[in-house]
There are 4 protein chains.
Amino acid sequence: MDFRLSEKALHWQDRVRRFMEDKVLPREADYRAQVRANPSRQPPVMETMKAEAREAGLWNMFLPGDHGAGLTNLEYAPLAELMGRHLWSAEVFNCNAPDTGNMEVLHMYGNAAQQDRWLKPLMAGEIRSAFLMTEPEVASSDATNIQTRIVRDGDHYVINGRKWWSTNMAHPNVAVTIVMGKTDTDAATHAQQSQIIVPVDAPGFRVERMLTVFGYDELPIGHAEVVLENVRVPVENLIAGEGRGFEIAQGRLGPGRIHHCMRVIGMAERALELMTARLLSRTAFRKTLAEHSVWEQRVGEARTQIEMCRLLVLKAAWMMDNGGARNARSEIAQIKVAAPRMALQIIDDAIQAHGGAGVSADTPLAEMYAMVRTLRIADGPDEVHNRTVARLEYAKHGGRGG
Amino acid sequence: MDFRLSEKALHWQDRVRRFMEDKVLPREADYRAQVRANPSRQPPVMETMKAEAREAGLWNMFLPGDHGAGLTNLEYAPLAELMGRHLWSAEVFNCNAPDTGNMEVLHMYGNAAQQDRWLKPLMAGEIRSAFLMTEPEVASSDATNIQTRIVRDGDHYVINGRKWWSTNMAHPNVAVTIVMGKTDTDAATHAQQSQIIVPVDAPGFRVERMLTVFGYDELPIGHAEVVLENVRVPVENLIAGEGRGFEIAQGRLGPGRIHHCMRVIGMAERALELMTARLLSRTAFRKTLAEHSVWEQRVGEARTQIEMCRLLVLKAAWMMDNGGARNARSEIAQIKVAAPRMALQIIDDAIQAHGGAGVSADTPLAEMYAMVRTLRIADGPDEVHNRTVARLEYAKHGGRGG
Amino acid sequence: MDFRLSEKALHWQDRVRRFMEDKVLPREADYRAQVRANPSRQPPVMETMKAEAREAGLWNMFLPGDHGAGLTNLEYAPLAELMGRHLWSAEVFNCNAPDTGNMEVLHMYGNAAQQDRWLKPLMAGEIRSAFLMTEPEVASSDATNIQTRIVRDGDHYVINGRKWWSTNMAHPNVAVTIVMGKTDTDAATHAQQSQIIVPVDAPGFRVERMLTVFGYDELPIGHAEVVLENVRVPVENLIAGEGRGFEIAQGRLGPGRIHHCMRVIGMAERALELMTARLLSRTAFRKTLAEHSVWEQRVGEARTQIEMCRLLVLKAAWMMDNGGARNARSEIAQIKVAAPRMALQIIDDAIQAHGGAGVSADTPLAEMYAMVRTLRIADGPDEVHNRTVARLEYAKHGGRGG
Amino acid sequence: MDFRLSEKALHWQDRVRRFMEDKVLPREADYRAQVRANPSRQPPVMETMKAEAREAGLWNMFLPGDHGAGLTNLEYAPLAELMGRHLWSAEVFNCNAPDTGNMEVLHMYGNAAQQDRWLKPLMAGEIRSAFLMTEPEVASSDATNIQTRIVRDGDHYVINGRKWWSTNMAHPNVAVTIVMGKTDTDAATHAQQSQIIVPVDAPGFRVERMLTVFGYDELPIGHAEVVLENVRVPVENLIAGEGRGFEIAQGRLGPGRIHHCMRVIGMAERALELMTARLLSRTAFRKTLAEHSVWEQRVGEARTQIEMCRLLVLKAAWMMDNGGARNARSEIAQIKVAAPRMALQIIDDAIQAHGGAGVSADTPLAEMYAMVRTLRIADGPDEVHNRTVARLEYAKHGGRGG
């Protein structure tokens, strides 16, 4: 065992950290001001930063192999942590969800024409994309509940369904979506579903409304409720083949969960830093808050929880690199529950340390809390991931599971 | 002991419940639409409801004695719970904070002229008011930290300071504020402070900016940061006398905390209802969510926690009625911590039960969470109230405290 | 509502408290020494105290109506709390489980002969008894799992089964048991079971072994595993009639749970007192432990949790008095979970405050912890009680339950 | 980074695991029976196992360098985990605390004569030893509180003091102790203390009484309260030099805490295994307990917590190997809090899954709970370790600390 990051990983971590410090953080105020001034426009400063990041070679680093930066999941993970500290910053590096997942899908499962038409501009950061999976009318904790239908009609598929939490749909550059739906409701449970490419300008594709998260609209990104009403797309838009939707979804989830969890750890680190600084700067009952033992306990636990959780996420990344996502199934389910829970507690403590400032927009804490809270629901609720872990555990003792 | 509400309390509870069902809830959509259409206007439907409530005799019920409805704290508490279910509804009955606290202060400590000029229109619901206590630059956990100065200059007081979380300051009808500040920094710790009436149109009184809570602006009410720069008001505006600010603040807190806590219990009840309905209506893994034992545990605990907490709040109200706020000091501190904690857990579980709908605006849950979270900070953070309880406990064993 | 104990309740509380202080606590050391000297003997000092308590009229106070002291559940509850502070002290007043439950059953369901033969000496404190319900081989969380058989054979019943956690079985005075078993496995689920009186000297009745709880043998009381092998008793020993076992069990549980929970509250109060005294007497890092804010939080929460929980137990008692156990079904299930959980946290904190002394026999804390921990299992595990509460909640919304 | 154990570590892990399965576990019943038959004797089967382990080269593996098995902390850690599964088994390998710590101290700080006289027989497993540090009369959370005095008198030191929780003192082979006390109360805080070798047969050395832990006497090991009354030992018995007691204590703690935490992880793993097997074997409400979702959550969390905690302990071991204990100060404090807390939760859940069997001696769970509970107190309470972590965190931001 060796707990040292590799030279290569340290090198990339250093490059991203310096780029963040030199090019990104000094423009945070600008970015926010431009969003505030016109929330439905791509802030020009974002395009400036993107150009500089691409120029610096800090681009598409999430993609494995030669298509990105040639990084393993383990090497990329610390970069995701850095980007997580300022959530909007991932876009600077073209490393933001759900575009990352969509690029992975097109990279792994897309044919040449699909890659040429959609993957190329996505990788260039010219367009943005959404992934349409969750539906408002069924419990997403059980993936077989999906109701959207993708029906073959000659050279086309006709799609009908209602989706929500379609991230990126407010973005002015959003051009394409990948839609999950059932092509064959009579097939075996995990062979009913398919994924298909649907451009946002397809007739019958309609953004019904934008959603808020704890009062945040998250513009210019945005989360939408989308209706697909007799949307027709050519059969060529199907990804990989009928009945492979579930398989593709599984494939995208492994790396995506690592990324999410590392970003969450980045948020937790930042919350701890903000908390610590605040505790050292405020005085009550004749000593700094930092010196009150109740805060010693909370800070001590925060540091401990971050360290433990980060190690598990890194181990999951390492297992994926050394045996594939299936190999790391339990670990990936574990971190999906553990990381948001850990971060929510630390962010909540940091809010408490800040008093009124903590719930306001004067710190990023309340927004971070809202974002992380959604991660206990998105991509399957905690209960389902714990179920997965438990069933793998039962299987070790001869119980049904996995 | 008798755990039955009195006939009188039941009677009032029934009246308010029916008024809510008949007159308020059917207009909730209207109210929200009018706010959305013009957030900085008083929604006309609110004035309609206020008129009807006043007509129905459901008005100022929070005020003790003949000035309100002649209700004790214990009798009023169940009404606050009902109003808490739909937070904005308290205004319908002229029972919304911080106007309630300000009316109590003017009622108990104001002189005839002050009452005539400000209490009367407040009780008529014609104007609204704010209470300026918390300051952005010091730890509010220690009340002696306050920095605002109120300096006598001939027939005037000159006020300088910066306040925030001044609720109501966005309201178009806000006319007056009560400001807490120090008149004598050399006096004994609890005799340094005074409270003074400051109209919002006083020269030098300036709303610096409006604050958000977890992304919510809470218009048309709003929370402001306010700057007072050489604000001059006549000496007649001082309430009760120099050095009595701390005493007045204490006096207002007892009933106010009962009200807050009962409203929080109302929110928790509503969250539990929403959660239960959701669990019964969604299916995963071939049975309703309600039948999954993990939800049985959460629902069971939610009911238990609500019951226990409500009893303690009611007991605190009863103790205030039978011995005054000082008598109930420990209990009031206890509920200030216990009620928000209880409600946050239940609301959070309800969010989880709702999946994506829980964090969006499709349910009131996320906004309720944000509101209740502020109550762990406002009016003194949890840590200070637990300290109060502990020191009273130590005092029983001869330790320093209270 | 009225949160004052009645004059009558205060009077009895005062009498028991004074008797405890004057007659019981001064003999605690004696009692413990006599047990240590000969753990399988009834300590003579216990008989002395029993005689004095009976003389003082503090005897069988748990029994409702004229047979005891004529106290309601609500009036008796504070007495149970006092006895809970020193667990072994309940026997002094002939108010110790499971004798109390057995006396209630014989009182309510026994015929004249059964009462004459067994209830009389039990009420006189001359003999002791056990209740044989739980079985080692099935999940007691589901009461229908019971395997013991009670088969009619002419004028006798023949009983076969294995029971454990049969409290009192080490006691030298134990003379009789009430056994739960199935008389008709084909009947409706809740009509299969019967309860029958079995003397401990019946042939085939055998104590297999004594059990420990976290290393404690709890002598001279003791918990046994008991085997019944073709035990024959006359048909007259059946209580109430075949198939009424479940009904009788339900009847005994209501008051029993109130008693248990109040005793638990008594333990929690004592733990809080011990913790407070310790915190005030020890110094670390130049101030008393009491002054460290982490302990302020724990003491504050302990007081709050005790207050809330006691109110709910008292309300459950009041509901039983004013409508019967069925009326208080949810509340009784609620306290069964809430009281032990509350107490375990406080006792655990008290242990932490005491350091090594807390886990040793120098304080009663570790033993209290062990005793209370069993209450999360005995009489149905937490999970089953939360299920009951949840199903009653679901029923309010049209769900199956209750 | 590499999360694979080295070949060497895997090799040793395999050897110890096989030895445990082949030689130790089959004799568990024997061992327990021999202890029960005569608790104050060394069970003969233990000597048999020791001889076999030594023969097999599985001996003193905890000692670094050539004196043991040449293992690093990281390589030894998985062996400690295996031994933790059956706590008494560490003695088989001569790897049990506190002998391990005493051997480390004599190894690192002892002179040739001391090593010859005491280290040799300890390493041979011929004698046993105790470490006398904790005192009953002061808060051990603050190490400067120590009251035992070691006073030079010519060629001797005279020692007076009272110690407790002196583990091993019931063991028939216990021959020697290392005593911590103050040689100079006027010196700088951390230079006042010294450590000195005191044989158990020194005049004035007296075992006052044996202590229990939650009702367990833990014979034949035992924990004692010891009085030293004018105990005289030659000056040669002093270890390293006057004033170096604190330094020596620090040195012993690093590896010791790694060992303790890994043993705790071994216990947690075993509790999880027992829990899983139980859940799969019991049925309630028509399905196995394992299928109830509340247990899925608990098992899922248990697996996650174990994984995270183990990684942090291993990282701390790796840091010690690559930079010394000082380098790993925060991590060692972190695991000291995190590992027991993690294990207590899992053991408690396992108890709940077992019902009455869980608190009895039919499973090792209750005893494991008791043992682990003491670890939140021994070697400094949680509060002090969290304080250490927090102060190191503050120091990063310019706060006082470390």
# chains A, B, ... in the order shown; residues from 1 in each chain; ligands from 1
$ interface_residues --of "chain C" --to "chain B" --cutoff "7 Å" --atoms "only C-alpha atoms" --output "list in words"
Met1, Asp2, Phe3, Arg4, Leu5, Ser6, Thr276, Ala277, Leu280, Glu296, Gln297, Val299, Gly300, Glu301, Thr304, Met308, Cys309, Leu311, Leu312, Lys315, Gln334, Glu383, Asn386, Arg387, Val389, Ala390, Tyr394, His397 and Gly399 of chain C
$ select_by_dssp --residues "stretch 47-286 of chain A" --states "helix (DSSP H, G or I)" --output "PyMOL selection string"
chain A and resi 47-55+65-67+73-84+87-93+99-109+112-123+143-145+189-191+235-237+245-281
$ residues_around --residues "B:Val158" --least-positions-apart "4" --cutoff "10 Å" --atoms "only C-alpha atoms" --output "list in words"
Arg149, Ile150, Val151, Arg152, Asp153, Gly154, Leu228, Glu229, Asn230, Val231, Arg232, Val233, Pro234 and Val235 of chain B
$ residues_around --residues "A:Ile265" --least-positions-apart "5" --cutoff "10 Å" --atoms "only C-alpha atoms" --output "mmCIF file with C-alpha atoms, in the first residue's frame"
data_model
loop_
_atom_site.group_PDB
_atom_site.id
_atom_site.type_symbol
_atom_site.label_atom_id
_atom_site.label_comp_id
_atom_site.auth_asym_id
_atom_site.auth_seq_id
_atom_site.Cartn_x
_atom_site.Cartn_y
_atom_site.Cartn_z
ATOM 1 C CA PRO A 78 -7.991 15.111 -6.990
ATOM 2 C CA ALA A 80 -12.485 16.903 -9.387
ATOM 3 C CA GLU A 81 -11.985 17.764 -5.717
ATOM 4 C CA LEU A 82 -10.373 21.068 -6.668
ATOM 5 C CA GLY A 84 -15.762 21.025 -6.414
ATOM 6 C CA ARG A 85 -14.558 23.895 -4.244
ATOM 7 C CA HIS A 259 -16.468 12.778 -9.834
ATOM 8 C CA HIS A 260 -19.531 13.808 -7.839
ATOM 9 C CA ARG A 270 -13.893 24.542 1.677
ATOM 10 C CA ALA A 271 -16.645 24.539 4.290
ATOM 11 C CA GLN A 305 -14.777 12.534 8.340
ATOM 12 C CA ILE A 306 -13.228 14.239 5.341
ATOM 13 C CA GLU A 307 -10.070 12.145 5.579
ATOM 14 C CA CYS A 309 -14.358 9.661 3.075
ATOM 15 C CA ARG A 310 -11.686 10.860 0.673
ATOM 16 C CA VAL A 313 -13.507 7.561 -2.814
ATOM 17 C CA ALA A 339 -19.821 11.638 0.824
ATOM 18 C CA PRO A 340 -22.975 13.777 0.758
ATOM 19 C CA MET A 342 -20.351 13.810 5.493
ATOM 20 C CA ALA A 343 -20.410 17.084 3.602
#
$ atom_distance --atom1 "atom CA of A:Met46" --atom2 "atom CA of A:Trp88"
9.5 Å
$ atom_distance --atom1 "atom CA of D:Arg263" --atom2 "atom CA of D:Met83"
6.4 Å
$ select_by_dssp --residues "stretch 152-303 of chain B" --states "strand (DSSP E)" --output "ChimeraX atom specification"
/B:152-153,156-167,174-182,193-199,205-211,223-234,283-284,287-288
